[in-house]
file data.cif (mmCIF, C-alpha atoms, pLDDT in the B column; chains and numbers go by the auth columns)
data_work
#
loop_
_atom_site.group_PDB
_atom_site.id
_atom_site.type_symbol
_atom_site.label_atom_id
_atom_site.label_comp_id
_atom_site.label_asym_id
_atom_site.label_seq_id
_atom_site.Cartn_x
_atom_site.Cartn_y
_atom_site.Cartn_z
_atom_site.B_iso_or_equiv
_atom_site.auth_seq_id
_atom_site.auth_asym_id
ATOM 1 C CA MET A 1 14.661 37.226 5.788 54.00 23 A
ATOM 2 C CA THR A 2 13.126 37.369 2.383 65.00 24 A
ATOM 3 C CA LEU A 3 9.456 37.133 1.633 58.00 25 A
ATOM 4 C CA ALA A 4 9.854 33.646 0.148 56.00 26 A
ATOM 5 C CA SER A 5 11.631 32.240 3.204 61.00 27 A
ATOM 6 C CA THR A 6 9.035 33.828 5.520 66.00 28 A
ATOM 7 C CA ALA A 7 6.208 32.291 3.518 59.00 29 A
ATOM 8 C CA LEU A 8 7.983 28.914 3.532 58.00 30 A
ATOM 9 C CA ALA A 9 8.439 29.070 7.297 62.00 31 A
ATOM 10 C CA ALA A 10 4.770 29.967 7.811 60.00 32 A
ATOM 11 C CA ALA A 11 3.643 27.130 5.549 58.00 33 A
ATOM 12 C CA SER A 12 5.898 24.669 7.388 61.00 34 A
ATOM 13 C CA LEU A 13 4.405 25.683 10.725 58.00 35 A
ATOM 14 C CA ALA A 14 0.886 25.354 9.335 56.00 36 A
ATOM 15 C CA PHE A 15 1.573 21.836 8.063 58.00 37 A
ATOM 16 C CA ALA A 16 3.264 20.841 11.312 58.00 38 A
ATOM 17 C CA ALA A 17 0.262 21.998 13.338 58.00 39 A
ATOM 18 C CA ALA A 18 -2.271 20.162 11.142 57.00 40 A
ATOM 19 C CA PRO A 19 -3.485 16.870 12.620 63.00 41 A
ATOM 20 C CA VAL A 20 -2.311 13.727 10.861 60.00 42 A
ATOM 21 C CA PRO A 21 -5.122 11.248 10.176 59.00 43 A
ATOM 22 C CA LEU A 22 -4.269 7.854 11.603 59.00 44 A
ATOM 23 C CA ALA A 23 -5.843 4.481 10.932 56.00 45 A
ATOM 24 C CA SER A 24 -6.828 4.354 14.609 59.00 46 A
ATOM 25 C CA SER A 25 -8.758 7.626 14.458 61.00 47 A
ATOM 26 C CA PRO A 26 -12.588 7.473 14.612 61.00 48 A
ATOM 27 C CA GLU A 27 -13.064 8.443 10.962 62.00 49 A
ATOM 28 C CA TYR A 28 -11.634 5.065 9.896 55.00 50 A
ATOM 29 C CA THR A 29 -13.932 2.234 10.898 60.00 51 A
ATOM 30 C CA LEU A 30 -12.043 -0.748 9.456 62.00 52 A
ATOM 31 C CA PRO A 31 -8.983 -1.939 11.400 63.00 53 A
ATOM 32 C CA PHE A 32 -6.238 -1.739 8.751 65.00 54 A
ATOM 33 C CA VAL A 33 -7.733 0.821 6.381 68.00 55 A
ATOM 34 C CA GLY A 34 -5.956 4.136 6.308 69.00 56 A
ATOM 35 C CA PRO A 35 -4.850 6.632 3.688 74.00 57 A
ATOM 36 C CA GLY A 36 -1.901 4.443 2.700 79.00 58 A
ATOM 37 C CA THR A 37 -4.158 1.483 1.996 79.00 59 A
ATOM 38 C CA TYR A 38 -6.033 3.375 -0.695 80.00 60 A
ATOM 39 C CA LEU A 39 -2.768 4.677 -2.115 86.00 61 A
ATOM 40 C CA ILE A 40 -1.158 1.250 -2.383 85.00 62 A
ATOM 41 C CA PHE A 41 -4.140 -0.772 -3.598 85.00 63 A
ATOM 42 C CA GLY A 42 -5.587 1.972 -5.771 86.00 64 A
ATOM 43 C CA ILE A 43 -2.610 3.648 -7.404 90.00 65 A
ATOM 44 C CA VAL A 44 0.604 1.697 -6.855 89.00 66 A
ATOM 45 C CA LEU A 45 -0.909 -1.662 -7.861 90.00 67 A
ATOM 46 C CA ALA A 46 -2.759 -0.287 -10.912 93.00 68 A
ATOM 47 C CA PRO A 47 -0.088 -1.644 -13.340 92.00 69 A
ATOM 48 C CA VAL A 48 -0.449 -5.088 -11.769 92.00 70 A
ATOM 49 C CA TYR A 49 -4.217 -4.936 -12.248 92.00 71 A
ATOM 50 C CA ALA A 50 -3.712 -3.958 -15.894 93.00 72 A
ATOM 51 C CA MET A 51 -1.223 -6.802 -16.393 91.00 73 A
ATOM 52 C CA VAL A 52 -3.588 -9.419 -14.948 92.00 74 A
ATOM 53 C CA ALA A 53 -6.510 -8.065 -16.986 92.00 75 A
ATOM 54 C CA ALA A 54 -4.374 -8.202 -20.144 90.00 76 A
ATOM 55 C CA TRP A 55 -3.645 -11.884 -19.540 89.00 77 A
ATOM 56 C CA PHE A 56 -7.352 -12.645 -19.910 91.00 78 A
ATOM 57 C CA ILE A 57 -8.604 -9.843 -22.182 91.00 79 A
ATOM 58 C CA GLY A 58 -5.617 -9.367 -24.484 85.00 80 A
ATOM 59 C CA ASP A 59 -5.048 -11.037 -27.803 84.00 81 A
ATOM 60 C CA PRO A 60 -3.942 -13.828 -27.857 83.00 82 A
ATOM 61 C CA SER A 61 -5.414 -14.759 -24.490 84.00 83 A
ATOM 62 C CA ASP A 62 -4.744 -18.130 -22.919 86.00 84 A
ATOM 63 C CA ARG A 63 -6.907 -18.998 -19.929 89.00 85 A
ATOM 64 C CA ASP A 64 -4.543 -21.637 -18.552 91.00 86 A
ATOM 65 C CA SER A 65 -1.502 -19.372 -18.733 89.00 87 A
ATOM 66 C CA GLY A 66 -3.466 -16.526 -17.160 91.00 88 A
ATOM 67 C CA LEU A 67 -4.562 -18.715 -14.268 93.00 89 A
ATOM 68 C CA LEU A 68 -0.995 -19.942 -13.861 93.00 90 A
ATOM 69 C CA GLY A 69 0.188 -16.325 -13.644 92.00 91 A
ATOM 70 C CA VAL A 70 -2.514 -15.472 -11.103 93.00 92 A
ATOM 71 C CA GLY A 71 -1.464 -18.534 -9.091 95.00 93 A
ATOM 72 C CA TYR A 72 2.159 -17.396 -9.128 95.00 94 A
ATOM 73 C CA LEU A 73 1.174 -13.890 -8.001 93.00 95 A
ATOM 74 C CA ALA A 74 -1.040 -15.241 -5.230 94.00 96 A
ATOM 75 C CA GLY A 75 1.667 -17.668 -4.093 95.00 97 A
ATOM 76 C CA LEU A 76 4.374 -14.996 -4.088 94.00 98 A
ATOM 77 C CA THR A 77 2.141 -12.605 -2.173 92.00 99 A
ATOM 78 C CA THR A 78 1.260 -15.289 0.369 95.00 100 A
ATOM 79 C CA VAL A 79 4.901 -16.211 0.919 96.00 101 A
ATOM 80 C CA LEU A 80 5.950 -12.567 1.334 95.00 102 A
ATOM 81 C CA TRP A 81 3.098 -11.659 3.716 93.00 103 A
ATOM 82 C CA GLY A 82 3.464 -14.914 5.632 95.00 104 A
ATOM 83 C CA GLY A 83 7.203 -14.400 6.051 95.00 105 A
ATOM 84 C CA LEU A 84 6.680 -10.853 7.250 94.00 106 A
ATOM 85 C CA PHE A 85 4.032 -12.060 9.705 94.00 107 A
ATOM 86 C CA VAL A 86 6.370 -14.710 11.134 96.00 108 A
ATOM 87 C CA ALA A 87 9.207 -12.178 11.345 96.00 109 A
ATOM 88 C CA THR A 88 6.889 -9.788 13.200 94.00 110 A
ATOM 89 C CA LEU A 89 5.968 -12.510 15.682 95.00 111 A
ATOM 90 C CA VAL A 90 9.630 -13.390 16.252 96.00 112 A
ATOM 91 C CA ILE A 91 10.600 -9.738 16.754 95.00 113 A
ATOM 92 C CA GLY A 92 7.690 -9.303 19.185 93.00 114 A
ATOM 93 C CA ALA A 93 8.693 -12.379 21.168 93.00 115 A
ATOM 94 C CA VAL A 94 12.404 -11.552 21.308 93.00 116 A
ATOM 95 C CA PHE A 95 12.317 -7.820 21.958 91.00 117 A
ATOM 96 C CA PHE A 96 9.013 -7.173 23.756 85.00 118 A
#

call {"tool": "encode", "arguments": {"input": "data.cif", "output": "structure tokens"}}
result
Amino acid sequence: MTLASTALAAASLAFAAAPVPLASSPEYTLPFVGPGTYLIFGIVLAPVYAMVAAWFIGDPSDRDSGLLGVGYLAGLTTVLWGGLFVATLVIGAVFF
């Protein structure tokens, strides 16, 4: 084995032995807040935040159109999350 493959194997074992922080671990006090929550709402949705801010701050800005866009985003999000919630309940009732 080469030095590089030995180092890679040692690093893989070190990462495999490291504990994975879970949302249910004591360091997280809120029920659904974990590392992925900060990633999604902080980094992945940053372009959406910029888009919504541009609707109201940008030039030309139209308050009514901006509120219409926010309403569409809120409605789409509600429909998607609501549908996933119902699907989760159906899967739980059928399979568990």

call {"tool": "residues_around", "arguments": {"input": "data.cif", "residues": "region 70-81 of chain A", "least_positions_apart": "3", "cutoff": "12 Å", "atoms": "only C-alpha atoms", "output": "VMD selection string"}}
result
chain A and resid 62 to 67 84 to 96

call {"tool": "atom_distance", "arguments": {"input": "data.cif", "atom1": "CA of Pro69 (chain A)", "atom2": "CA of Leu98 (chain A)"}}
result
16.8 Å

call {"tool": "atom_distance", "arguments": {"input": "data.cif", "atom1": "CA of Leu61 (chain A)", "atom2": "CA of Leu111 (chain A)"}}
result
26.2 Å
